[in-house]
$ cat work.txt   # compact mmCIF, C-alpha atoms
# COMPACT_ATOMS: atom_id res chain seq x y z
CA MET A 1 -42.62 46.57 -3.38
CA THR A 2 -42.53 44.86 -0.01
CA ALA A 3 -45.49 43.53 1.89
CA ASP A 4 -45.15 46.41 4.38
CA GLN A 5 -45.39 48.97 1.61
CA TYR A 6 -48.65 47.44 0.42
CA SER A 7 -50.01 47.71 3.93
CA SER A 8 -50.02 51.50 3.91
CA LEU A 9 -51.39 52.13 0.42
CA CYS A 10 -54.08 54.67 -0.30
CA ILE A 11 -56.58 53.15 -2.75
CA GLY A 12 -59.49 54.83 -4.49
CA VAL A 13 -62.54 52.63 -5.09
CA THR A 14 -65.80 53.29 -6.94
CA GLY A 15 -69.02 51.26 -6.87
CA LEU A 16 -70.09 52.04 -3.29
CA ASN A 17 -73.77 51.45 -4.09
CA ALA A 18 -74.26 48.40 -1.89
CA ASN A 19 -77.99 48.18 -2.61
CA ASP A 20 -80.23 45.46 -4.11
CA ASN A 21 -78.33 45.77 -7.40
CA PRO A 22 -74.96 46.22 -5.76
CA GLY A 23 -71.83 47.72 -7.16
CA PRO A 24 -68.68 45.75 -6.36
CA GLY A 25 -66.94 48.52 -4.37
CA ILE A 26 -67.70 47.39 -0.83
CA ALA A 27 -66.79 43.78 -1.62
CA VAL A 28 -63.54 44.94 -3.24
CA ILE A 29 -62.67 47.02 -0.17
CA ARG A 30 -63.46 44.13 2.14
CA ALA A 31 -61.16 41.86 0.14
CA LEU A 32 -58.41 44.49 0.09
CA LYS A 33 -58.56 44.86 3.87
CA ALA A 34 -58.57 41.09 4.28
CA GLY A 35 -55.49 40.78 2.07
CA LEU A 36 -53.48 43.91 2.81
CA GLY A 37 -54.59 44.64 6.36
CA ASN A 38 -56.49 47.45 8.01
CA GLY A 39 -53.56 49.82 7.56
CA ILE A 40 -54.57 50.69 4.02
CA ARG A 41 -56.53 53.88 3.47
CA ILE A 42 -59.64 53.60 1.35
CA VAL A 43 -60.92 56.61 -0.51
CA GLY A 44 -64.41 56.12 -1.85
CA LEU A 45 -65.31 57.73 -5.17
CA SER A 46 -69.07 58.12 -5.41
CA TYR A 47 -71.62 59.46 -7.87
CA GLU A 48 -74.68 59.85 -5.67
CA SER A 49 -75.26 60.80 -2.04
CA MET A 50 -77.25 57.68 -1.25
CA GLU A 51 -74.53 55.16 -2.00
CA PRO A 52 -74.36 53.23 1.29
CA GLY A 53 -70.59 52.79 1.17
CA ILE A 54 -70.13 56.53 1.70
CA TYR A 55 -71.41 56.09 5.24
CA MET A 56 -69.59 52.85 6.07
CA HIS A 57 -66.69 54.50 7.85
CA GLU A 58 -65.25 51.22 9.14
CA LEU A 59 -64.50 50.35 5.52
CA VAL A 60 -64.25 53.70 3.75
CA ASP A 61 -62.04 56.37 5.31
CA LYS A 62 -63.14 59.27 3.15
CA THR A 63 -65.43 59.68 0.14
CA TYR A 64 -65.42 62.21 -2.67
CA GLN A 65 -68.11 62.59 -5.27
CA ILE A 66 -66.83 62.46 -8.81
CA PRO A 67 -68.56 63.61 -12.00
CA TYR A 68 -70.77 61.21 -13.94
CA PRO A 69 -69.06 59.54 -16.91
CA THR A 70 -71.13 61.67 -19.30
CA ALA A 71 -69.34 64.79 -18.00
CA GLY A 72 -66.24 63.57 -19.84
CA THR A 73 -62.62 62.97 -18.99
CA ALA A 74 -61.60 66.61 -18.42
CA ALA A 75 -64.07 66.95 -15.55
CA LEU A 76 -62.93 63.62 -14.12
CA VAL A 77 -59.25 64.56 -14.27
CA GLU A 78 -59.94 67.92 -12.67
CA ARG A 79 -61.80 66.30 -9.81
CA LEU A 80 -59.14 63.62 -9.33
CA GLU A 81 -56.40 66.27 -9.27
CA TYR A 82 -58.23 67.94 -6.40
CA ILE A 83 -58.60 64.60 -4.61
CA GLN A 84 -54.99 63.68 -5.24
CA GLU A 85 -53.72 66.89 -3.62
CA LYS A 86 -55.44 65.86 -0.42
CA GLU A 87 -55.17 62.08 -0.46
CA HIS A 88 -52.07 61.00 -2.40
CA LEU A 89 -53.78 58.02 -3.95
CA ASP A 90 -51.52 55.16 -5.01
CA LEU A 91 -54.11 53.28 -7.02
CA ILE A 92 -57.69 53.50 -8.27
CA ILE A 93 -59.92 50.47 -8.82
CA PRO A 94 -62.94 51.51 -10.93
CA ASN A 95 -65.88 49.13 -10.58
CA PHE A 96 -68.57 50.33 -12.99
CA ASP A 97 -68.79 49.30 -16.63
CA SER A 98 -69.95 52.78 -17.62
CA GLU A 99 -66.96 54.61 -16.10
CA LEU A 100 -64.26 52.30 -17.45
CA TYR A 101 -63.92 53.99 -20.83
CA ASN A 102 -62.97 57.28 -19.14
CA PHE A 103 -60.65 55.71 -16.57
CA ILE A 104 -58.80 53.80 -19.29
CA ARG A 105 -58.51 56.98 -21.34
CA ILE A 106 -57.03 59.02 -18.49
CA GLY A 107 -54.67 56.22 -17.47
CA PRO A 108 -51.54 58.10 -18.63
CA GLN A 109 -52.60 61.25 -16.76
CA LEU A 110 -53.29 59.23 -13.64
CA GLN A 111 -49.85 57.67 -13.99
CA GLN A 112 -48.31 61.15 -14.10
CA MET A 113 -50.22 62.03 -10.96
CA GLY A 114 -48.73 58.95 -9.29
CA ILE A 115 -51.94 56.89 -9.45
CA LYS A 116 -51.76 53.38 -10.83
CA THR A 117 -54.56 51.35 -12.43
CA PHE A 118 -54.74 47.81 -13.77
CA LEU A 119 -57.31 47.94 -16.54
CA PRO A 120 -58.04 46.45 -19.95
CA SER A 121 -57.49 48.48 -23.11
CA HIS A 122 -60.29 50.22 -24.98
CA GLY A 123 -60.06 47.50 -27.61
CA GLN A 124 -60.48 44.76 -25.02
CA LEU A 125 -63.34 46.67 -23.44
CA ALA A 126 -65.14 46.98 -26.78
CA LEU A 127 -64.87 43.40 -27.98
CA ARG A 128 -66.85 41.98 -25.02
CA ASP A 129 -69.43 44.74 -25.17
CA LYS A 130 -72.97 43.37 -25.36
CA ILE A 131 -73.22 44.88 -28.82
CA ASN A 132 -70.17 42.94 -30.05
CA LEU A 133 -70.52 39.79 -27.96
CA GLY A 134 -72.10 37.70 -30.72
CA ASP A 135 -69.32 38.54 -33.20
CA PHE A 136 -66.70 37.93 -30.53
CA GLY A 137 -68.14 34.49 -29.78
CA ARG A 138 -68.32 33.49 -33.43
CA LYS A 139 -64.73 34.60 -34.01
CA HIS A 140 -63.26 32.76 -31.04
CA GLY A 141 -65.53 29.72 -30.83
CA PHE A 142 -67.51 30.60 -27.70
CA ASN A 143 -71.19 29.67 -27.37
CA ILE A 144 -73.13 32.92 -27.26
CA PRO A 145 -76.95 32.99 -27.43
CA ALA A 146 -78.19 34.41 -30.72
CA ASP A 147 -78.87 38.12 -30.44
CA TYR A 148 -80.20 41.10 -32.36
CA LYS A 149 -79.46 44.80 -31.94
CA LEU A 150 -82.58 46.91 -31.54
CA TYR A 151 -82.74 50.56 -32.52
CA THR A 152 -86.43 50.73 -33.46
CA ILE A 153 -89.65 48.82 -32.88
CA ASP A 154 -89.28 47.46 -36.42
CA ASP A 155 -86.01 45.87 -35.31
CA LEU A 156 -87.83 44.26 -32.42
CA LYS A 157 -90.36 42.71 -34.80
CA LYS A 158 -87.57 41.33 -36.95
CA ALA A 159 -85.78 40.02 -33.86
CA THR A 160 -88.86 38.19 -32.58
CA ASP A 161 -89.40 36.64 -36.04
CA GLU A 162 -85.82 35.43 -36.09
CA LEU A 163 -85.18 34.47 -32.48
CA MET A 164 -88.74 33.60 -31.33
CA PHE A 165 -90.05 34.00 -27.79
CA PRO A 166 -89.02 33.86 -25.03
CA LEU A 167 -86.32 36.50 -25.29
CA MET A 168 -84.10 38.47 -22.97
CA ILE A 169 -84.32 42.21 -23.63
CA LYS A 170 -81.11 43.80 -22.35
CA GLY A 171 -79.99 47.35 -21.67
CA LYS A 172 -76.79 48.58 -23.27
CA PHE A 173 -75.00 48.74 -19.92
CA TYR A 174 -77.25 47.23 -17.26
CA GLU A 175 -80.56 45.47 -16.67
CA ALA A 176 -82.30 42.73 -18.56
CA TYR A 177 -85.85 41.45 -18.62
CA ALA A 178 -87.35 38.23 -19.93
CA ALA A 179 -90.07 38.78 -22.52
CA TYR A 180 -92.62 36.10 -23.37
CA THR A 181 -94.92 38.27 -25.45
CA MET A 182 -94.56 41.19 -27.85
CA ASP A 183 -96.18 43.52 -25.33
CA GLN A 184 -93.55 42.66 -22.72
CA ALA A 185 -90.76 43.02 -25.27
CA VAL A 186 -91.98 46.45 -26.43
CA LYS A 187 -92.27 47.69 -22.84
CA SER A 188 -88.73 46.53 -21.98
CA PHE A 189 -87.35 47.93 -25.21
CA HIS A 190 -88.66 51.43 -24.44
CA GLN A 191 -87.74 51.24 -20.76
CA LEU A 192 -84.16 50.07 -21.35
CA GLY A 193 -83.60 52.39 -24.29
CA ALA A 194 -84.66 55.37 -22.20
CA ALA A 195 -82.46 54.30 -19.29
CA TRP A 196 -79.25 53.24 -21.02
CA GLY A 197 -79.47 54.38 -24.64
CA TYR A 198 -79.49 52.38 -27.86
CA PRO A 199 -79.08 49.79 -29.12
CA VAL A 200 -81.10 47.63 -26.80
CA ILE A 201 -80.21 43.98 -27.28
CA ALA A 202 -82.61 41.09 -27.81
CA GLN A 203 -81.00 37.80 -26.86
CA GLN A 204 -82.24 34.23 -27.19
CA LEU A 205 -83.28 33.00 -23.74
CA ILE A 206 -81.28 29.95 -22.68
CA ARG A 207 -82.67 27.92 -19.80
CA GLY A 208 -80.38 26.17 -17.40
CA THR A 209 -78.11 26.66 -14.42
CA GLU A 210 -76.68 30.12 -13.84
CA ILE A 211 -72.96 30.19 -13.13
CA ASN A 212 -70.65 33.16 -12.82
CA ILE A 213 -66.87 33.14 -13.05
CA ALA A 214 -64.74 35.84 -11.44
CA ALA A 215 -61.28 35.98 -12.94
CA LEU A 216 -58.19 38.15 -13.10
CA GLY A 217 -56.26 38.38 -16.35
CA ASP A 218 -52.57 39.27 -16.42
CA GLY A 219 -52.72 41.11 -19.75
CA ASN A 220 -50.54 38.51 -21.46
CA GLY A 221 -53.11 35.84 -22.21
CA ALA A 222 -53.23 34.09 -18.86
CA ASN A 223 -55.40 34.22 -15.76
CA ILE A 224 -53.90 34.69 -12.32
CA SER A 225 -57.10 33.54 -10.66
CA ILE A 226 -60.38 31.89 -11.66
CA ILE A 227 -63.27 31.26 -9.26
CA PRO A 228 -66.53 29.75 -10.58
CA MET A 229 -69.69 30.30 -8.55
CA ARG A 230 -73.12 28.70 -8.93
CA LYS A 231 -75.95 31.08 -8.16
CA LEU A 232 -78.14 29.61 -5.41
CA TYR A 233 -80.58 32.46 -4.84
CA ILE A 234 -81.37 34.96 -7.55
CA THR A 235 -83.15 38.29 -7.06
CA ASP A 236 -85.82 39.61 -9.38
CA LYS A 237 -83.05 41.67 -10.98
CA GLY A 238 -81.16 38.50 -11.76
CA LYS A 239 -78.46 39.15 -9.16
CA ALA A 240 -76.97 36.40 -7.04
CA TRP A 241 -78.11 36.87 -3.45
CA ALA A 242 -76.42 33.60 -2.51
CA GLY A 243 -73.93 31.41 -4.30
CA VAL A 244 -71.41 28.65 -3.83
CA THR A 245 -67.98 28.01 -5.30
CA ILE A 246 -67.94 24.99 -7.60
CA GLU A 247 -65.34 22.90 -9.34
CA ASP A 248 -65.59 22.09 -13.03
CA PRO A 249 -62.56 21.93 -15.33
CA LYS A 250 -64.76 23.09 -18.24
CA LEU A 251 -65.38 26.39 -16.50
CA ILE A 252 -61.68 26.94 -15.81
CA ALA A 253 -60.91 26.11 -19.45
CA LEU A 254 -63.55 28.58 -20.61
CA ALA A 255 -61.99 31.43 -18.62
CA ASP A 256 -58.52 30.45 -19.81
CA ASN A 257 -59.74 30.47 -23.43
CA PHE A 258 -61.21 33.91 -22.88
CA ALA A 259 -57.95 35.28 -21.43
CA ARG A 260 -56.00 33.72 -24.30
CA ALA A 261 -58.35 35.16 -26.91
CA THR A 262 -58.27 38.67 -25.47
CA ASN A 263 -55.07 39.08 -23.42
CA TRP A 264 -57.43 40.50 -20.82
CA ARG A 265 -55.82 42.78 -18.26
CA GLY A 266 -57.63 43.16 -14.94
CA GLY A 267 -60.66 41.72 -13.25
CA TYR A 268 -63.63 40.40 -15.19
CA GLU A 269 -66.71 38.25 -14.80
CA LEU A 270 -68.15 35.69 -17.19
CA GLU A 271 -71.90 35.17 -16.83
CA ILE A 272 -72.62 31.63 -17.92
CA MET A 273 -75.73 29.56 -18.53
CA CYS A 274 -75.20 25.81 -18.48
CA ASP A 275 -78.04 24.17 -20.43
CA ALA A 276 -79.50 20.69 -19.97
CA ASP A 277 -76.90 19.21 -22.33
CA ASP A 278 -74.02 20.76 -20.35
CA ASN A 279 -73.30 23.37 -23.03
CA LEU A 280 -71.82 26.53 -21.56
CA PHE A 281 -73.25 29.73 -23.02
CA ILE A 282 -71.64 33.07 -22.25
CA LEU A 283 -74.50 35.49 -21.59
CA GLU A 284 -72.35 38.50 -20.71
CA ILE A 285 -68.79 39.47 -19.96
CA ASN A 286 -68.43 42.17 -17.34
CA PRO A 287 -65.16 44.10 -17.59
CA ARG A 288 -64.58 44.46 -13.83
CA PHE A 289 -64.88 42.55 -10.59
CA PRO A 290 -68.40 41.35 -9.70
CA ALA A 291 -70.25 42.36 -6.53
CA TRP A 292 -69.60 38.88 -5.07
CA ILE A 293 -65.82 39.28 -5.41
CA TYR A 294 -65.23 38.85 -1.66
CA LEU A 295 -66.04 35.16 -2.17
CA THR A 296 -62.78 34.84 -4.11
CA ALA A 297 -60.89 36.00 -1.03
CA ALA A 298 -62.92 33.70 1.21
CA ALA A 299 -62.22 30.76 -1.09
CA GLY A 300 -58.47 31.36 -1.06
CA GLN A 301 -57.81 33.48 -4.14
CA ASN A 302 -58.02 37.14 -3.16
CA GLN A 303 -58.40 38.72 -6.59
CA PRO A 304 -58.52 42.41 -5.53
CA GLU A 305 -55.34 41.92 -3.48
CA ALA A 306 -53.67 40.23 -6.45
CA LEU A 307 -54.75 43.06 -8.75
CA VAL A 308 -53.09 45.62 -6.45
CA LYS A 309 -49.82 43.69 -6.55
CA MET A 310 -49.97 43.35 -10.32
CA ALA A 311 -50.63 47.08 -10.66
CA PHE A 312 -47.37 47.63 -8.80
CA GLY A 313 -45.53 45.42 -11.26
CA GLU A 314 -45.27 42.29 -9.15
CA THR A 315 -45.21 39.04 -11.13
CA LEU A 316 -47.60 36.65 -9.48
CA THR A 317 -47.75 32.90 -9.76
CA PRO A 318 -51.26 31.92 -10.88
CA PHE A 319 -53.43 30.48 -8.14
CA THR A 320 -54.21 26.82 -8.66
CA GLU A 321 -56.40 25.91 -5.71
CA TYR A 322 -59.47 27.24 -3.99
CA GLN A 323 -62.05 25.99 -1.53
CA VAL A 324 -65.00 24.38 -3.27
CA GLY A 325 -68.33 24.60 -1.45
CA LYS A 326 -67.65 28.06 0.02
CA LEU A 327 -71.01 29.74 0.19
CA PHE A 328 -72.00 33.39 0.44
CA ILE A 329 -75.35 34.75 1.52
CA ARG A 330 -75.89 38.45 1.08
CA TYR A 331 -77.98 40.32 3.62
CA SER A 332 -79.53 43.74 4.03
CA TRP A 333 -78.85 45.97 7.02
CA ASP A 334 -80.26 49.29 8.10
CA HIS A 335 -77.20 51.43 8.60
CA VAL A 336 -78.08 54.43 10.74
CA VAL A 337 -76.17 57.70 10.27
CA ASP A 338 -76.64 61.31 11.23
CA ILE A 339 -78.32 63.62 8.76
CA ALA A 340 -75.21 65.80 9.04
CA ASP A 341 -73.25 63.18 7.10
CA PHE A 342 -75.82 63.17 4.32
CA GLN A 343 -75.82 66.96 4.34
CA GLN A 344 -72.06 67.12 4.04
CA ILE A 345 -71.71 64.71 1.11
CA SER A 346 -74.69 66.33 -0.62
CA ALA A 347 -73.54 69.92 -0.15
CA LEU A 348 -69.76 69.62 -0.23
CA GLY A 349 -69.27 66.46 -2.27
CA GLU A 350 -67.02 64.85 0.30
CA LEU A 351 -67.35 63.11 3.62
CA MET B 1 -81.72 -25.89 -38.98
CA THR B 2 -79.35 -25.48 -36.13
CA ILE B 3 -79.81 -22.62 -33.87
CA PHE B 4 -76.78 -21.53 -31.99
CA THR B 5 -77.34 -19.71 -28.83
CA LYS B 6 -74.55 -17.89 -27.12
CA THR B 7 -73.91 -19.04 -23.62
CA PRO B 8 -74.33 -16.06 -21.36
CA GLU B 9 -71.11 -14.96 -19.72
CA PRO B 10 -71.15 -14.66 -15.96
CA ALA B 11 -72.47 -11.20 -15.18
CA ASP B 12 -70.03 -8.70 -13.76
CA PRO B 13 -70.96 -7.51 -10.34
CA VAL B 14 -72.98 -4.35 -10.84
CA ILE B 15 -71.24 -1.32 -9.46
CA MET B 16 -73.09 1.93 -9.81
CA LYS B 17 -70.47 4.52 -9.24
CA ILE B 18 -71.18 7.76 -7.46
CA LYS B 19 -69.11 10.59 -8.92
CA LYS B 20 -65.82 10.72 -7.14
CA ASN B 21 -66.00 14.32 -6.00
CA ILE B 22 -69.47 14.12 -4.44
CA ALA B 23 -69.26 15.21 -0.83
CA THR B 24 -71.46 13.57 1.78
CA SER B 25 -71.84 14.05 5.47
CA GLU B 26 -73.05 11.74 8.21
CA ASN B 27 -76.28 13.67 8.55
CA GLY B 28 -77.27 12.91 4.96
CA PHE B 29 -76.23 16.15 3.28
CA ILE B 30 -74.98 15.58 -0.26
CA PHE B 31 -73.09 18.27 -2.23
CA ASN B 32 -72.11 18.06 -5.88
CA PRO B 33 -69.10 20.40 -6.19
CA ALA B 34 -69.25 20.35 -9.99
CA THR B 35 -72.72 21.87 -10.15
CA GLY B 36 -73.31 23.38 -6.71
CA ASP B 37 -76.40 21.20 -6.26
CA SER B 38 -77.08 20.01 -2.74
CA PHE B 39 -79.51 17.41 -1.42
CA SER B 40 -80.76 16.24 1.93
CA GLY B 41 -80.97 12.51 2.40
CA ASN B 42 -81.87 10.39 5.40
CA ALA B 43 -79.49 8.13 7.31
CA ILE B 44 -79.92 5.16 4.99
CA ALA B 45 -79.34 7.32 1.89
CA SER B 46 -76.15 8.56 3.44
CA ALA B 47 -75.04 5.01 4.27
CA ILE B 48 -75.80 3.72 0.76
CA ILE B 49 -73.93 6.59 -0.88
CA LEU B 50 -70.95 5.95 1.37
CA ALA B 51 -71.01 2.26 0.39
CA MET B 52 -71.27 3.16 -3.30
CA LYS B 53 -68.35 5.57 -2.97
CA ASN B 54 -66.35 2.77 -1.35
CA GLY B 55 -66.97 0.62 -4.44
CA ASP B 56 -69.44 -1.85 -2.92
CA THR B 57 -71.52 -3.71 -5.50
CA GLU B 58 -75.28 -3.48 -5.79
CA ALA B 59 -75.57 -7.04 -4.44
CA GLN B 60 -73.38 -6.27 -1.44
CA ILE B 61 -75.34 -3.16 -0.56
CA LYS B 62 -78.67 -4.93 -0.93
CA GLN B 63 -77.46 -7.80 1.20
CA SER B 64 -76.43 -5.38 3.90
CA ILE B 65 -79.82 -3.65 3.82
CA LEU B 66 -81.70 -6.95 3.95
CA ALA B 67 -79.66 -7.93 6.98
CA GLN B 68 -80.33 -4.67 8.80
CA TYR B 69 -83.91 -3.75 7.89
CA GLU B 70 -87.24 -5.50 7.77
CA VAL B 71 -87.78 -5.40 4.04
CA THR B 72 -88.46 -8.04 1.41
CA ALA B 73 -86.04 -8.55 -1.48
CA GLU B 74 -88.84 -7.69 -3.89
CA GLN B 75 -89.58 -4.38 -2.20
CA LEU B 76 -85.88 -3.59 -1.94
CA ASN B 77 -85.40 -4.17 -5.66
CA ARG B 78 -88.22 -1.77 -6.47
CA ASP B 79 -86.83 0.84 -4.08
CA TRP B 80 -83.36 0.32 -5.49
CA ASP B 81 -84.54 1.07 -9.04
CA ASP B 82 -86.20 4.21 -7.80
CA TRP B 83 -83.05 5.19 -5.90
CA ILE B 84 -80.84 4.81 -8.97
CA LEU B 85 -83.29 6.85 -10.99
CA GLN B 86 -83.11 9.62 -8.42
CA LEU B 87 -79.32 9.55 -8.45
CA LYS B 88 -79.33 9.76 -12.25
CA GLU B 89 -81.73 12.68 -12.22
CA ALA B 90 -79.58 14.42 -9.63
CA ASN B 91 -76.55 13.94 -11.87
CA LEU B 92 -74.67 12.13 -9.13
CA LEU B 93 -73.77 8.97 -11.01
CA GLU B 94 -70.66 8.40 -13.05
CA PHE B 95 -71.14 6.74 -16.42
$ encode --input "work.txt" --output "structure tokens"
Amino acid sequence: MTADQYSSLCIGVTGLNANDNPGPGIAVIRALKAGLGNGIRIVGLSYESMEPGIYMHELVDKTYQIPYPTAGTAALVERLEYIQEKEHLDLIIPNFDSELYNFIRIGPQLQQMGIKTFLPSHGQLALRDKINLGDFGRKHGFNIPADYKLYTIDDLKKATDELMFPLMIKGKFYEAYAAYTMDQAVKSFHQLGAAWGYPVIAQQLIRGTEINIAALGDGNGANISIIPMRKLYITDKGKAWAGVTIEDPKLIALADNFARATNWRGGYELEIMCDADDNLFILEINPRFPAWIYLTAAAGQNQPEALVKMAFGETLTPFTEYQVGKLFIRYSWDHVVDIADFQQISALGEL
Amino acid sequence: MTIFTKTPEPADPVIMKIKKNIATSENGFIFNPATGDSFSGNAIASAIILAMKNGDTEAQIKQSILAQYEVTAEQLNRDWDDWILQLKEANLLEF
């Protein structure tokens, strides 16, 4: 494909919830426009009417609501067939952990509809799951904090005996809370179980410096891009509100080891804690681009753009350089729209 | 009984090395690209770090400070120890 052909692509993007716990969609779109130009057409795929990206018409040309992952793949395919008739999507970039299973599963159907993806396999998705992370680390020699799967309060008691306080109590898909007492742990266990299902995970709390790595695996055991970022300002939900690109060969080696161990295909994020002795612990592995992904473009390695090219079969030379000391600071903004827009997406499921 | 004492060898000039990749600016801003840590120093901190990055020895730097500022050698030595401690704590020194 030539550069000109990329410039007129129609790309579907999920994760338009640019709120205080942001999905990556808006950052992905911003990077795509920075890399491929403003000629591309962006079709937002939303779940709820209050996702801010739906109303950001300078970035998102048109948005369609799609069924929640729990509705299953048949409902998703049906909705995407409708969207495809109107939009002629070339590619979809899903950005939520919870929707990936379905998008991977319908990959062949999407291909038949003329829609490309660049995603990991179900096997790759499963091995980095929070539930399997400890086993994965032990098998491949990664430092992972000790953890315990919690299905009942009895499990929580056993976990606290084994791991001791303080602990991180983590939801199956999202959210995590530090617990310093049994009361706090019980509250988080019930709250996260109700929100995301079971098991809830208790994880040893490691203190240190929080670092995230955004990377793009080629599916053959190598990374095309790796950008490490030190969190500089962290919200009460543990999200980076500001961060800076850093340079440490150990972090690059860690991401390369991960790609080699998994043959990861697509974007991913390693959440790292560097303790006082410089040990790198992997706290989580997110199977998609992070919400701060635009920083990769700003630092010289535009990962969403590279993913698009790889989805179209282009063989890319791995990036080797990026700007260290590139800093992002997120901000909030009151975007004002007419109630008619809200009415339309709510009533008709498209805007 | 004969006691042999080893004659001390001439001491090597002490060079405390700042990590090579530490970025500094004229206004005293110090950035460690390996960790993302940043620090604000005053003009003299900035000048000392620049001298250390250039490979100047402890004696050379102290001599330069004594020539430029009204400070006794004793006070400077105390301040220097404190300075090195701060650099160590900030993880800016190369070992």
$ closest_residue --input "work.txt" --among "A:Leu348, A:Ile66, A:Ala185, A:Val244" --to "chain B" --atoms "all atoms listed in the file"
A:Val244
$ closest_atom_pairs --input "work.txt" --of "region 124-178 of chain A" --to "region 249-267 of chain A" --cutoff "9 Å" --atoms "only C-alpha atoms" --output "JSON lines"
{"residue": "A:Gln124", "atom": "CA", "partner": "A:Thr262", "partner_atom": "CA", "distance": 6.5}
{"residue": "A:Leu125", "atom": "CA", "partner": "A:Trp264", "partner_atom": "CA", "distance": 8.9}
{"residue": "A:Leu127", "atom": "CA", "partner": "A:Thr262", "partner_atom": "CA", "distance": 8.5}
{"residue": "A:His140", "atom": "CA", "partner": "A:Ala261", "partner_atom": "CA", "distance": 6.9}
{"residue": "A:Phe142", "atom": "CA", "partner": "A:Leu254", "partner_atom": "CA", "distance": 8.4}
$ interface_residues --input "work.txt" --of "chain A" --to "chain B" --cutoff "7 Å" --atoms "all atoms listed in the file" --output "count of residues only"
7
$ residues_around --input "work.txt" --residues "Asp236 (chain A)" --least-positions-apart "5" --cutoff "12 Å" --atoms "all atoms listed in the file" --output "ChimeraX atom specification"
/A:20-21,175-178,241
$ atom_distance --input "work.txt" --atom1 "CA of Thr209 (chain A)" --atom2 "CA of Met52 (chain B)"
26.9 Å
$ closest_residue --input "work.txt" --among "A:Ile104, A:Leu270, A:Ile293, A:Leu232" --to "Ile92 (chain A)" --atoms "only C-alpha atoms"
A:Ile104
$ axis_aligned_box --input "work.txt" --around "region 220-230 of chain A" --padding-each-side "3 Å" --output "AutoDock Vina command-line options"
--center_x -61.8 --center_y 33.6 --center_z -15.4 --size_x 28.6 --size_y 15.8 --size_z 19.7
